[in-house]
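File shown: input.txt (compact mmCIF, C-alpha atoms and all ligand atoms).
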```
# COMPACT_ATOMS: atom_id res chain seq x y z
CA MET A 1 112.28 91.53 60.48
CA LYS A 2 115.80 90.75 59.33
CA LEU A 3 117.24 87.26 59.63
CA PHE A 4 120.88 86.28 59.72
CA ILE A 5 121.72 82.59 59.83
CA THR A 6 125.33 82.03 60.76
CA SER A 7 127.43 78.91 60.38
CA ASP A 8 127.92 78.39 64.11
CA TYR A 9 127.78 79.88 67.60
CA LEU A 10 131.03 81.82 67.21
CA GLU A 11 129.88 83.52 64.04
CA MET A 12 126.51 84.25 65.65
CA SER A 13 128.28 85.85 68.62
CA ARG A 14 130.45 87.98 66.35
CA LYS A 15 127.41 89.16 64.36
CA VAL A 16 125.50 90.09 67.54
CA ALA A 17 128.56 91.91 68.91
CA ASN A 18 129.00 93.70 65.57
CA ILE A 19 125.45 95.03 65.64
CA ILE A 20 125.78 96.18 69.27
CA SER A 21 129.12 97.75 68.50
CA ALA A 22 127.74 99.60 65.47
CA GLN A 23 124.94 100.95 67.64
CA ILE A 24 127.41 102.25 70.26
CA ILE A 25 129.64 103.82 67.64
CA ILE A 26 126.70 105.66 66.08
CA LYS A 27 125.23 106.65 69.47
CA PRO A 28 127.88 106.59 72.21
CA ASP A 29 125.30 107.20 74.98
CA THR A 30 123.20 104.23 73.87
CA VAL A 31 120.85 102.55 76.33
CA LEU A 32 121.39 98.83 75.86
CA GLY A 33 118.90 96.28 77.08
CA LEU A 34 120.85 93.17 78.03
CA ALA A 35 120.11 89.50 78.57
CA THR A 36 121.61 86.68 80.57
CA GLY A 37 121.74 82.96 79.75
CA THR A 38 124.47 81.14 77.88
CA THR A 39 123.53 82.48 74.43
CA PRO A 40 124.96 86.03 74.80
CA ILE A 41 128.24 85.01 76.47
CA GLY A 42 130.16 84.78 73.17
CA ALA A 43 128.95 88.23 72.12
CA TYR A 44 129.89 89.69 75.51
CA ASN A 45 133.37 88.22 75.13
CA LYS A 46 133.78 89.89 71.74
CA LEU A 47 132.54 93.27 73.04
CA ALA A 48 134.98 93.05 75.96
CA GLU A 49 137.81 92.17 73.56
CA TRP A 50 137.08 95.17 71.31
CA ASN A 51 136.74 97.47 74.33
CA GLN A 52 140.08 96.32 75.71
CA LYS A 53 141.70 96.88 72.29
CA GLY A 54 140.40 100.45 72.35
CA ASP A 55 137.99 99.97 69.44
CA LEU A 56 134.80 100.39 71.43
CA ASP A 57 133.93 102.84 74.20
CA PHE A 58 131.35 102.04 76.87
CA SER A 59 132.00 105.09 79.04
CA LEU A 60 128.70 106.77 78.11
CA VAL A 61 126.63 103.61 77.66
CA LYS A 62 123.83 102.71 80.06
CA THR A 63 122.49 99.17 80.41
CA VAL A 64 119.22 97.80 81.71
CA ASN A 65 118.91 94.05 82.14
CA LEU A 66 115.79 92.09 81.43
CA ASP A 67 115.46 90.19 84.63
CA GLU A 68 116.75 88.98 87.99
CA TYR A 69 115.91 86.11 90.31
CA CYS A 70 113.95 87.00 93.42
CA ASP A 71 115.79 86.78 96.71
CA LEU A 72 119.27 85.87 95.48
CA PRO A 73 121.79 88.42 96.75
CA ALA A 74 123.85 90.29 94.13
CA ASP A 75 127.02 88.45 95.20
CA HIS A 76 125.40 85.02 94.74
CA PRO A 77 127.20 83.34 91.80
CA GLN A 78 123.86 82.52 90.14
CA SER A 79 122.37 86.00 90.45
CA TYR A 80 122.10 87.85 87.17
CA ARG A 81 123.95 90.84 88.66
CA TYR A 82 126.88 88.55 89.41
CA PHE A 83 126.65 87.05 85.88
CA MET A 84 126.66 90.46 84.20
CA ASN A 85 129.55 91.74 86.32
CA ARG A 86 131.61 88.64 85.51
CA GLN A 87 130.71 88.21 81.83
CA LEU A 88 130.78 91.86 80.81
CA PHE A 89 130.71 94.83 83.19
CA HIS A 90 133.99 94.08 84.99
CA LYS A 91 135.77 93.61 81.65
CA ILE A 92 134.77 96.93 80.06
CA ASP A 93 134.98 100.64 80.85
CA ILE A 94 131.28 101.05 81.69
CA LEU A 95 130.47 103.05 84.82
CA PRO A 96 129.01 100.66 87.43
CA ALA A 97 126.39 103.33 88.23
CA ASN A 98 125.16 103.09 84.64
CA THR A 99 124.34 99.37 84.87
CA PHE A 100 120.83 98.53 86.05
CA LEU A 101 119.06 95.31 86.95
CA PRO A 102 115.87 94.79 88.93
CA ASP A 103 116.68 94.42 92.64
CA GLY A 104 115.53 90.88 93.35
CA MET A 105 116.24 91.41 97.06
CA ALA A 106 113.78 94.30 97.41
CA LYS A 107 111.31 93.67 100.23
CA ASP A 108 108.49 95.40 98.38
CA LYS A 109 108.62 93.65 95.03
CA ALA A 110 105.68 95.54 93.53
CA ALA A 111 107.35 98.87 94.35
CA GLU A 112 110.62 97.62 92.86
CA CYS A 113 108.81 96.64 89.64
CA ARG A 114 107.32 100.15 89.40
CA ARG A 115 110.73 101.71 90.12
CA TYR A 116 112.30 99.68 87.31
CA ASP A 117 109.71 100.79 84.76
CA SER A 118 110.14 104.44 85.80
CA LEU A 119 113.90 104.10 85.59
CA ILE A 120 113.64 102.80 82.01
CA GLU A 121 111.43 105.77 81.17
CA GLN A 122 113.76 108.27 82.88
CA ILE A 123 116.72 107.10 80.80
CA SER A 124 114.59 107.58 77.66
CA GLY A 125 113.85 103.93 76.97
CA ILE A 126 115.97 101.29 75.32
CA ASP A 127 117.82 101.92 72.06
CA LEU A 128 118.82 98.32 71.43
CA GLN A 129 117.43 95.32 73.31
CA LEU A 130 119.28 92.00 73.16
CA LEU A 131 117.07 88.96 73.75
CA GLY A 132 117.71 85.26 74.12
CA LEU A 133 114.92 82.72 73.71
CA GLY A 134 113.74 80.21 76.30
CA HIS A 135 112.81 76.68 75.19
CA ASN A 136 109.17 77.50 75.92
CA GLY A 137 109.33 80.77 73.97
CA HIS A 138 109.99 83.01 76.94
CA VAL A 139 111.81 86.31 76.59
CA GLY A 140 113.41 87.70 79.71
CA PHE A 141 111.31 85.74 82.18
CA ASN A 142 108.01 86.45 80.42
CA GLU A 143 106.69 82.92 80.67
CA PRO A 144 103.88 81.47 78.53
CA ASP A 145 100.59 82.68 79.98
CA GLU A 146 97.06 83.64 79.03
CA THR A 147 97.95 87.31 78.56
CA PHE A 148 101.05 89.33 77.75
CA HIS A 149 102.28 91.15 80.89
CA LYS A 150 102.95 94.76 80.00
CA ASN A 151 105.06 95.99 82.88
CA THR A 152 107.93 94.75 84.99
CA HIS A 153 106.45 92.05 87.20
CA VAL A 154 107.20 89.14 89.48
CA VAL A 155 106.77 85.82 87.74
CA LYS A 156 106.48 82.29 89.04
CA LEU A 157 108.93 80.33 86.94
CA THR A 158 107.55 77.32 85.06
CA GLU A 159 108.84 73.85 85.85
CA ALA A 160 110.44 73.78 82.37
CA THR A 161 112.40 76.98 83.05
CA ILE A 162 113.46 75.81 86.52
CA LEU A 163 114.66 72.55 84.96
CA ALA A 164 116.49 74.34 82.11
CA ASN A 165 118.19 76.78 84.48
CA SER A 166 119.05 74.12 87.07
CA ARG A 167 122.08 73.18 84.94
CA LEU A 168 123.80 76.23 86.38
CA PHE A 169 122.95 75.44 90.02
CA ALA A 170 124.42 72.73 92.26
CA ASN A 171 120.95 71.32 92.84
CA ILE A 172 117.55 71.88 91.23
CA VAL A 173 116.05 72.76 94.64
CA ASP A 174 118.42 75.76 94.77
CA VAL A 175 116.84 77.36 91.67
CA PRO A 176 114.65 80.28 92.76
CA LYS A 177 110.96 79.77 92.05
CA PHE A 178 110.31 83.45 91.33
CA ALA A 179 111.96 86.15 89.27
CA MET A 180 111.38 89.76 88.28
CA THR A 181 111.24 90.53 84.61
CA MET A 182 110.82 93.50 82.36
CA GLY A 183 107.40 93.31 80.75
CA ILE A 184 106.47 93.22 77.10
CA ASN A 185 105.96 97.02 76.96
CA SER A 186 109.60 97.95 77.58
CA ILE A 187 110.78 95.24 75.20
CA MET A 188 108.39 96.28 72.43
CA ARG A 189 109.20 99.97 72.92
CA ALA A 190 112.91 99.30 72.43
CA ARG A 191 113.88 101.07 69.23
CA LYS A 192 115.68 98.02 67.92
CA VAL A 193 115.69 94.39 69.06
CA ILE A 194 118.21 91.61 68.45
CA LEU A 195 117.01 88.08 69.09
CA ALA A 196 120.00 85.74 69.39
CA VAL A 197 119.32 82.02 69.22
CA SER A 198 121.67 79.05 69.17
CA GLY A 199 121.30 75.28 69.02
CA ALA A 200 119.07 72.65 67.42
CA ASP A 201 116.99 72.41 70.60
CA LYS A 202 115.67 75.94 69.91
CA ALA A 203 114.84 75.42 66.19
CA GLU A 204 111.18 74.47 66.66
CA ILE A 205 110.34 77.20 69.19
CA LEU A 206 112.15 79.80 67.08
CA LYS A 207 110.07 78.81 64.06
CA GLN A 208 106.87 78.99 66.13
CA ALA A 209 107.83 82.38 67.55
CA LEU A 210 108.60 83.97 64.20
CA THR A 211 106.15 82.29 61.86
CA GLY A 212 103.34 80.96 64.08
CA SER A 213 100.37 82.69 65.72
CA ILE A 214 101.05 85.69 67.90
CA THR A 215 100.06 84.43 71.31
CA PRO A 216 101.10 84.92 74.94
CA LEU A 217 101.55 81.15 75.02
CA VAL A 218 104.71 81.84 72.98
CA PRO A 219 105.78 85.20 74.43
CA ALA A 220 108.49 85.82 71.81
CA SER A 221 105.82 85.73 69.09
CA ILE A 222 104.92 89.34 69.99
CA LEU A 223 108.16 90.33 68.24
CA GLN A 224 106.37 89.79 64.91
CA PHE A 225 104.70 93.15 65.65
CA HIS A 226 107.98 94.97 66.33
CA PRO A 227 109.11 97.23 63.45
CA ASP A 228 112.86 96.61 63.81
CA VAL A 229 113.90 93.12 64.86
CA ILE A 230 117.15 91.47 63.82
CA VAL A 231 117.21 87.72 64.37
CA VAL A 232 120.65 86.16 64.54
CA ALA A 233 120.45 82.38 64.65
CA ASP A 234 123.14 79.81 64.16
CA GLU A 235 122.62 77.14 61.50
CA ALA A 236 121.19 74.67 64.01
CA ALA A 237 118.64 77.07 65.52
CA GLY A 238 117.70 78.59 62.17
CA SER A 239 117.35 75.30 60.27
CA LEU A 240 113.52 75.35 60.18
CA LEU A 241 113.24 79.00 59.15
CA LYS A 242 114.87 78.87 55.76
CA ASP A 243 111.66 78.16 53.83
CA PHE A 244 109.72 80.85 55.69
CA LEU A 245 111.81 84.00 55.98
CA PRO A 246 114.28 85.68 53.64
CA GLN A 247 117.82 85.72 54.92
CA ILE A 248 120.50 88.36 54.76
CA LYS A 249 123.95 87.20 53.81
C1 LIG B 301 116.85 82.43 80.96
C2 LIG B 301 116.82 83.97 80.90
C3 LIG B 301 116.48 84.46 79.52
C4 LIG B 301 117.32 83.69 78.51
C5 LIG B 301 116.83 82.26 78.49
C6 LIG B 301 117.60 81.36 77.53
O1 LIG B 301 115.83 81.87 81.71
N1 LIG B 301 115.93 84.57 81.84
O2 LIG B 301 116.69 85.86 79.43
O3 LIG B 301 117.16 84.24 77.24
O4 LIG B 301 116.81 81.70 79.77
O5 LIG B 301 118.83 81.02 78.08
P1 LIG B 301 120.00 80.33 77.27
O6 LIG B 301 120.58 81.39 76.42
O7 LIG B 301 120.95 79.86 78.32
O8 LIG B 301 119.38 79.22 76.50
```

Entire entry expressed as structure tokens:
Amino acid sequence: MKLFITSDYLEMSRKVANIISAQIIIKPDTVLGLATGTTPIGAYNKLAEWNQKGDLDFSLVKTVNLDEYCDLPADHPQSYRYFMNRQLFHKIDILPANTFLPDGMAKDKAAECRRYDSLIEQISGIDLQLLGLGHNGHVGFNEPDETFHKNTHVVKLTEATILANSRLFANIVDVPKFAMTMGINSIMRARKVILAVSGADKAEILKQALTGSITPLVPASILQFHPDVIVVADEAAGSLLKDFLPQIK
């Protein structure tokens, strides 16, 4: 595991974008696993800026997102498809047909989960997976539970996640109660993982995830078993890690 602690959110975003950009330059047909939430927005802005300047080419890149709310249409402003289009896909030269998210509107959710796992396999798995971190240690929407869920699955969101995500909805009752998320298998099989974390409110859970017991009660803790994880945390999020893990300057 490599750890970068940056001075602030902007520097964290630039570092994350730099790593993604290096990956695409080395392998132009990279399969990127992408995340939503507020944490990656700064990195997406940087990637879009470099693409528009002509320094980065997304024309052969494929993307698979971690998750999607159940039963929010793609054109709903809080759907993750809408978020990805607005924050990244519509700003870069990626082919829309090469951008994949679970279809939260699918009638047969179990079949959609199977389709998503097969799709990830068909495109040869994920080269670089970007992850954010939920306040309860979730990755994607893999919520704390008694076991790790291997495959893409429907998850009942915890009250804590509904509350955290309600900041983006007009009213907490509008937050969907269910979501579809990539399982731990696809995440752990990604050839490289970046965990991006920002803010003092994530410091304790980040420390638990990276230095505590590996347990499905803190889903991100499974990353301790991954052979190639880069953690990029801003000073506030990384403040409790300094005595535990060596940093890269
Ligand atoms: C959401 C997403 C996660 C994201 C997390 C943290 O629930 N499903 O993929 O990493 O919350 O979000 P934020 O970056 O806004 O703190």

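For region 4-10 of chain A, the set of protein, DNA and RNA residues having any atom at most 8 Å away, when counting all atoms listed in the file and skipping those fewer than 2 positions along the same chain, is Lys2, Met12, Ser13, Arg14, Gly42, Ser198, Ile230, Val231, Val232, Ala233, Asp234, Glu235, Ala236, Gly238, Gln247, Ile248 and Lys249 of chain A.
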
9 Å contact set for Val61 (chain A), all atoms listed in the file, chain neighbours under 3 positions out, as a ChimeraX atom specification: /A:24,27-32,57-58,94-95,98-99

Box dimensions and centre (Å, one decimal) enclosing ligand LIG 301 (chain B), axis-aligned, 4 Å extra per side, as lines of an AutoDock Vina configuration file:
```
center_x = 118.4
center_y = 82.5
center_z = 79.1
size_x = 13.1
size_y = 14.6
size_z = 13.4
```

Counting all atoms listed in the file, figure out which residue out of A:Ala237, A:Val16, A:Lys53, A:His76 gets nearest to Ala200 (chain A).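 Ranked by minimum distance to Ala200 (chain A), first place goes to A:Ala237.
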
Interface rows for chain A against ligand LIG 301 (chain B): nearest pair, Å to one decimal, 6 Å, all atoms listed in the file, as JSON lines:
```
{"residue": "A:Ala35", "atom": "CA", "partner": "B:LIG301", "partner_atom": "O2", "distance": 5.1}
{"residue": "A:Thr36", "atom": "CA", "partner": "B:LIG301", "partner_atom": "O2", "distance": 5.1}
{"residue": "A:Gly37", "atom": "CA", "partner": "B:LIG301", "partner_atom": "O7", "distance": 3.5}
{"residue": "A:Thr38", "atom": "CA", "partner": "B:LIG301", "partner_atom": "O7", "distance": 3.8}
{"residue": "A:Thr39", "atom": "CA", "partner": "B:LIG301", "partner_atom": "O6", "distance": 3.7}
{"residue": "A:Leu131", "atom": "CA", "partner": "B:LIG301", "partner_atom": "O3", "distance": 5.9}
{"residue": "A:Gly132", "atom": "CA", "partner": "B:LIG301", "partner_atom": "O3", "distance": 3.3}
{"residue": "A:Leu133", "atom": "CA", "partner": "B:LIG301", "partner_atom": "O3", "distance": 4.4}
{"residue": "A:Gly134", "atom": "CA", "partner": "B:LIG301", "partner_atom": "C6", "distance": 4.2}
{"residue": "A:Val139", "atom": "CA", "partner": "B:LIG301", "partner_atom": "O2", "distance": 5.7}
{"residue": "A:Gly140", "atom": "CA", "partner": "B:LIG301", "partner_atom": "O2", "distance": 3.8}
{"residue": "A:Phe141", "atom": "CA", "partner": "B:LIG301", "partner_atom": "N1", "distance": 4.8}
```

If you keep C-alpha atoms, can you produce a file of those selected residues as a tab-separated table (two decimals), in the coordinates of the input?
```tsv
chain	number	residue	atom	x	y	z
A	35	ALA	CA	120.11	89.50	78.57
A	36	THR	CA	121.61	86.68	80.57
A	37	GLY	CA	121.74	82.96	79.75
A	38	THR	CA	124.47	81.14	77.88
A	39	THR	CA	123.53	82.48	74.43
A	131	LEU	CA	117.07	88.96	73.75
A	132	GLY	CA	117.71	85.26	74.12
A	133	LEU	CA	114.92	82.72	73.71
A	134	GLY	CA	113.74	80.21	76.30
A	139	VAL	CA	111.81	86.31	76.59
A	140	GLY	CA	113.41	87.70	79.71
A	141	PHE	CA	111.31	85.74	82.18
```

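Remark: for Thr181 (chain A), the closest of the candidate residues A:Ile205, A:Ile92, A:Ile194, A:Val155 is A:Val155 (distances computed over only C-alpha atoms).
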
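With distances taken over all atoms listed in the file, A:Asn151 is the one residue among A:Gln208, A:Ser166, A:Gln122, A:Asn151 lying closest to Ser186 (chain A).
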
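A straight line drawn from CA of Ile162 (chain A) to CA of Pro176 (chain A) is 7.8 Å long.
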
Could you jot down the CA of Leu195 (chain A) to CA of Cys70 (chain A) separation for me, Å, one decimal place?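 Between CA of Leu195 (chain A) and CA of Cys70 (chain A) the gap is 24.5 Å.
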
Using only C-alpha atoms, which residues sit within 10 Å of Lys91 (chain A) once same-chain residues fewer than 3 positions away are excluded, as a ChimeraX atom specification? /A:44-45,47-49,51-52,84-88,94

Can I get the selection written as a PDB file, keeping the file's coordinate frame, with C-alpha atoms?
```
ATOM      1  CA  TYR A  44     129.890  89.690  75.510  1.00  0.00           C
ATOM      2  CA  ASN A  45     133.370  88.220  75.130  1.00  0.00           C
ATOM      3  CA  LEU A  47     132.540  93.270  73.040  1.00  0.00           C
ATOM      4  CA  ALA A  48     134.980  93.050  75.960  1.00  0.00           C
ATOM      5  CA  GLU A  49     137.810  92.170  73.560  1.00  0.00           C
ATOM      6  CA  ASN A  51     136.740  97.470  74.330  1.00  0.00           C
ATOM      7  CA  GLN A  52     140.080  96.320  75.710  1.00  0.00           C
ATOM      8  CA  MET A  84     126.660  90.460  84.200  1.00  0.00           C
ATOM      9  CA  ASN A  85     129.550  91.740  86.320  1.00  0.00           C
ATOM     10  CA  ARG A  86     131.610  88.640  85.510  1.00  0.00           C
ATOM     11  CA  GLN A  87     130.710  88.210  81.830  1.00  0.00           C
ATOM     12  CA  LEU A  88     130.780  91.860  80.810  1.00  0.00           C
ATOM     13  CA  ILE A  94     131.280 101.050  81.690  1.00  0.00           C
TER      14      ILE A  94
END
```

What lies within 8 Å of region 241-245 of chain A using only C-alpha atoms, ignoring chain neighbours under 6 positions off, as an mmCIF file with C-alpha atoms, keeping the file's coordinate frame?
```
data_model
loop_
_atom_site.group_PDB
_atom_site.id
_atom_site.type_symbol
_atom_site.label_atom_id
_atom_site.label_comp_id
_atom_site.auth_asym_id
_atom_site.auth_seq_id
_atom_site.Cartn_x
_atom_site.Cartn_y
_atom_site.Cartn_z
ATOM 1 C CA LEU A 3 117.240 87.260 59.630
ATOM 2 C CA LYS A 207 110.070 78.810 64.060
ATOM 3 C CA THR A 211 106.150 82.290 61.860
#
```

Determine, counting only C-alpha atoms, which protein, DNA and RNA residues have an atom within 12 Å of an atom of Ser79 (chain A); residues of the same chain fewer than 6 positions away are not included. Present the result as a ChimeraX atom specification. /A:36-37,67-73,85-86,101-105,165,168-169,174-176,179-180

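Take the candidates A:Ala190, A:Ala203, A:Ala196, A:Ile41 and check each one against Gln129 (chain A) using all atoms listed in the file; the shortest distance goes to A:Ala190.
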
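Ranking A:Asp117, A:Asp75, A:Asp55, A:Asp228 by their shortest atom-to-atom distance to Thr152 (chain A), with only C-alpha atoms included, puts A:Asp117 first.
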
Would you list the residues near (96.3, 84.6, 73.6), meaning any protein, DNA or RNA residue with an atom at most 7 Å from that point in file coordinates, counting only C-alpha atoms, as a list in words?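 Those residues, ordered by chain and then number, are Glu146, Thr147, Thr215, Pro216 and Leu217 of chain A.
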
Just to confirm, what's the straight-line distance from CA of Ser124 (chain A) to CA of Leu206 (chain A) in Å (one decimal)? 29.8 Å

Identify which of the residues A:Met182, A:Val173, A:Val229, A:Val218 lies closest to His138 (chain A), counting all atoms listed in the file when measuring atom-to-atom distances. A:Val218

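Shown here are all protein and nucleic acid residues lying within 7 Å of (109.8, 97.2, 67.5), with all atoms listed in the file considered: Met188, Arg189, Ala190, Arg191, Lys192, Val193, Phe225, His226, Pro227, Asp228 and Val229 of chain A.
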